[in-house]
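See below for the structure under consideration.
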Protein chains: 2
Amino acid sequence: MMRQAGRYLPEYRAIRAKTDFLTLCRTPELVSEVSIQPVELIGVDACIVFSDILVVPEAMGMELIVDEGKGGPRFPQPVRSRDDIDRLAVPDPHDRLKYVLDAVALTKKNLNGRVPLIGFAGSPWTLATYMVEGRGSKNFRYVKELIYSNPKDAHRLLEKLARSVAEYLNAKLEAGAQAVQIFDTWGGILPPDEFREFSLHYIEHVLSLLKKNGAPVIVFCKDSNHSLEAIADLAPDVIGLDWTIDIGKARMLVGSQVSLQGNLDPTMLYAPPETIRSGVIRILEKYGKGSGHIFNLGHGILPDVPVEHAKEFVRAVQEESRRFH
Amino acid sequence: MMRQAGRYLPEYRAIRAKTDFLTLCRTPELVSEVSIQPVELIGVDACIVFSDILVVPEAMGMELIVDEGKGGPRFPQPVRSRDDIDRLAVPDPHDRLKYVLDAVALTKKNLNGRVPLIGFAGSPWTLATYMVEGRGSKNFRYVKELIYSNPKDAHRLLEKLARSVAEYLNAKLEAGAQAVQIFDTWGGILPPDEFREFSLHYIEHVLSLLKKNGAPVIVFCKDSNHSLEAIADLAPDVIGLDWTIDIGKARMLVGSQVSLQGNLDPTMLYAPPETIRSGVIRILEKYGKGSGHIFNLGHGILPDVPVEHAKEFVRAVQEESRRFH
């Protein structure tokens, strides 16, 4: 369910009541606890190491502030010049992000083989949007201005990000993650040509630097189904799908060399349990028989979904998918 | 440029400094003035009657509040029950929306044939999202809950909206609009099946009720390129495209029976004039030779675009398109 450790769980909220968000991210014992909550409470088939994609820019040298309550995370000094870009480091994750690696190792130990462990990172482009805008945005004025007015600097920033993300994911794999996922949340704000030049190209760069040792890599590009074949050309093991494409059509487009993860509309979990189950069945039918389907939401679970609905979602997938796979 | 009368123009801001948004919408003399501003100041080839899509739900009986400064428009009593739906009227535009029709007629008179006059309305689905959420939303929890949990009521609301929108557009055409555009801003939050059931079906309903008398109809469904062929099947005269599809590919998909409007990324107008011009040329080349292309942005012009950039955009289209059409 992506963001599957989260506010919809009272047990997560109990920990957050005593701990601010970044302290939670930096405390391996707590990360392990909240990461395993959905495995024990909801019954999901994999554990995702709880973290935030913005710890990477922070490790590159940016000050990160997460206001409790409103506004979301922000960088008070956004990247707006060539100097800002040149000041950023490609961090050694064993140094600046050691707390994440410790959390991976501890969660792996505490899971004790019950389910596989997944680590994630933001794509270079998605990290760049936050770093340049300084916060969440509606029109992404500054990062768009950067690519259209000054593409050279944009490439300089993205290249640095690709190396940082690859080293970060390699360190997570080394620490015990059994699969990694790259999230491109904001590639969808770009026209198709720019998506390929500024986002997909750097996902490819990350992939080329990964030391996978057999661990599958999932690439999730939200709102970018216009380039599904181009994503498949990068040969990730799995493509994550948002909910705005028919998964049967996606399967036809990408062929059998790549698995698909997805793609129930996350807001369907507001509906009553019987509707959730029929939504699950509809997607199973669209994918059809055969292997290569990892059932998932089309984006992260939302914070106000009733716990019972999340449980019914997982139960429905586990029960109904037997007929198909 | 869609929203082409707007805050990027100092002459518009001068009027807004003395007049709140809804008073402006309700004052035909001022509507005519701001609608014609982009024709005279920027040189666009058509005039769009300034208004807001939410005047229709207001005429149906909902209280509409537009806070100056922040938060955007909102309905303090959103539609949340069958009773709320049944209380809504299908308004007679000659009564409750007379101020819009007067504005259309006055603008037509003041334009005096210089350029064609375009009227617009929100699609039934897009109006429903605002009416059910009560304000702009990120996850659209309430309207999604409505369609997934209670599709019957959703259809009841959308059917009423389709009739209201059709009567409104017919009255605009009668008052002098020479083309009308239907905006589906939020169809893109739906999975493809639901997009067809809850949005496209009601656009089709509106189209079936229009008394066009030869006036072209433009259908713009943002973030819904997964269903471009289905939109073309409704046989609108023109399909508006957002910037997330290659317009050459779109032309191939929809064939020659429908014209295409679009599709420069609106944020490209932040870039320097020479970049804007090359962006324009790139889209002209993608569409290629032949008729059936109305150049436009892929969504409304943004409020902080420099006026000189808007002018260069229009100039570049007028100059460069000669080689193609």
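Letters A, B, ... go to the chains of the structure tokens in the order shown; residues in each chain start at 1; ligands are counted from 1 in the same order.
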Contacts of Val49 in chain A within 8 Å, only C-alpha atoms, excl. fewer than 3 positions in-chain, as number ranges by chain:
A: 31-32, 35, 103-104, 107, 117-120
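Any residue of chain A with an atom within 6 Å of chain B counts; using only C-alpha atoms, that gives A:Glu145, A:Tyr148, A:Ser149, A:Pro191, A:Pro192, A:Trp243, A:Thr244, A:Tyr270, A:Ala271.
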Write a file of the selected residues as a PDB file, in the first residue's frame, keeping N, CA and C atoms.
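Result file follows (result.pdb):
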```
ATOM      1  N   GLU A 145      10.840  26.808 -14.559  1.00  0.00           N
ATOM      2  CA  GLU A 145      11.662  27.899 -15.074  1.00  0.00           C
ATOM      3  C   GLU A 145      13.106  27.415 -15.246  1.00  0.00           C
ATOM      4  N   TYR A 148      13.308  25.078 -18.393  1.00  0.00           N
ATOM      5  CA  TYR A 148      13.061  25.748 -19.661  1.00  0.00           C
ATOM      6  C   TYR A 148      14.080  26.859 -19.926  1.00  0.00           C
ATOM      7  N   SER A 149      14.524  27.525 -18.862  1.00  0.00           N
ATOM      8  CA  SER A 149      15.408  28.683 -19.064  1.00  0.00           C
ATOM      9  C   SER A 149      16.870  28.304 -18.955  1.00  0.00           C
ATOM     10  N   PRO A 191       5.676  17.795 -19.857  1.00  0.00           N
ATOM     11  CA  PRO A 191       5.297  17.254 -21.166  1.00  0.00           C
ATOM     12  C   PRO A 191       6.139  16.003 -21.447  1.00  0.00           C
ATOM     13  N   PRO A 192       5.657  15.114 -22.328  1.00  0.00           N
ATOM     14  CA  PRO A 192       6.353  13.838 -22.546  1.00  0.00           C
ATOM     15  C   PRO A 192       7.838  13.978 -22.893  1.00  0.00           C
ATOM     16  N   TRP A 243      -3.613   4.817 -10.719  1.00  0.00           N
ATOM     17  CA  TRP A 243      -4.954   4.261 -10.989  1.00  0.00           C
ATOM     18  C   TRP A 243      -5.604   4.830 -12.247  1.00  0.00           C
ATOM     19  N   THR A 244      -4.815   5.604 -13.043  1.00  0.00           N
ATOM     20  CA  THR A 244      -5.447   6.225 -14.201  1.00  0.00           C
ATOM     21  C   THR A 244      -5.170   5.477 -15.502  1.00  0.00           C
ATOM     22  N   TYR A 270     -12.259   4.408   0.910  1.00  0.00           N
ATOM     23  CA  TYR A 270     -13.314   5.075   1.687  1.00  0.00           C
ATOM     24  C   TYR A 270     -14.648   4.350   1.547  1.00  0.00           C
ATOM     25  N   ALA A 271     -14.779   3.548   0.500  1.00  0.00           N
ATOM     26  CA  ALA A 271     -16.061   2.882   0.198  1.00  0.00           C
ATOM     27  C   ALA A 271     -16.284   1.711   1.157  1.00  0.00           C
TER      28      ALA A 271
END
```
So that I can check the secondary structure, give me every residue of range 68-134 of chain B assigned strand (DSSP E or B) by backbone DSSP, as a ChimeraX atom specification.
/B:73-74,117-122
Store the residues picked out above, limited to N, CA and C atoms, as an mmCIF file, in the first residue's frame.
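The result, stored in part-v7.cif:
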```
data_model
loop_
_atom_site.group_PDB
_atom_site.id
_atom_site.type_symbol
_atom_site.label_atom_id
_atom_site.label_comp_id
_atom_site.auth_asym_id
_atom_site.auth_seq_id
_atom_site.Cartn_x
_atom_site.Cartn_y
_atom_site.Cartn_z
ATOM 1 N N PRO B 73 -12.483 29.750 -4.098
ATOM 2 C CA PRO B 73 -13.927 29.735 -3.882
ATOM 3 C C PRO B 73 -14.354 28.549 -3.027
ATOM 4 N N ARG B 74 -15.468 28.710 -2.325
ATOM 5 C CA ARG B 74 -15.967 27.571 -1.551
ATOM 6 C C ARG B 74 -17.467 27.637 -1.362
ATOM 7 N N LEU B 117 -16.278 35.324 -30.263
ATOM 8 C CA LEU B 117 -16.543 35.337 -28.823
ATOM 9 C C LEU B 117 -16.825 33.910 -28.335
ATOM 10 N N ILE B 118 -16.112 33.503 -27.286
ATOM 11 C CA ILE B 118 -16.241 32.136 -26.767
ATOM 12 C C ILE B 118 -16.836 32.168 -25.360
ATOM 13 N N GLY B 119 -17.816 31.296 -25.131
ATOM 14 C CA GLY B 119 -18.365 31.127 -23.782
ATOM 15 C C GLY B 119 -17.955 29.768 -23.239
ATOM 16 N N PHE B 120 -17.966 29.612 -21.919
ATOM 17 C CA PHE B 120 -17.555 28.312 -21.370
ATOM 18 C C PHE B 120 -18.432 27.904 -20.194
ATOM 19 N N ALA B 121 -18.309 26.627 -19.863
ATOM 20 C CA ALA B 121 -18.960 26.093 -18.663
ATOM 21 C C ALA B 121 -18.102 24.952 -18.144
ATOM 22 N N GLY B 122 -18.207 24.686 -16.841
ATOM 23 C CA GLY B 122 -17.569 23.500 -16.285
ATOM 24 C C GLY B 122 -18.364 22.267 -16.676
#
```
From a DSSP calculation on the backbone, collect every residue of range 10-194 of chain B in alpha helix (DSSP H) and output the set as an MDAnalysis selection string.
chainID B and resid 10:18 21:25 28:41 55:59 82:87 93:96 98:111 124:133 141:149 151:175 192:194
Find the residues near Gly113 in chain B: any atom within 12 Å, counting only C-alpha atoms, skip ones fewer than 6 places away on the same chain, and give them as number ranges by chain.
B: 36, 39, 45-47, 107, 176-178
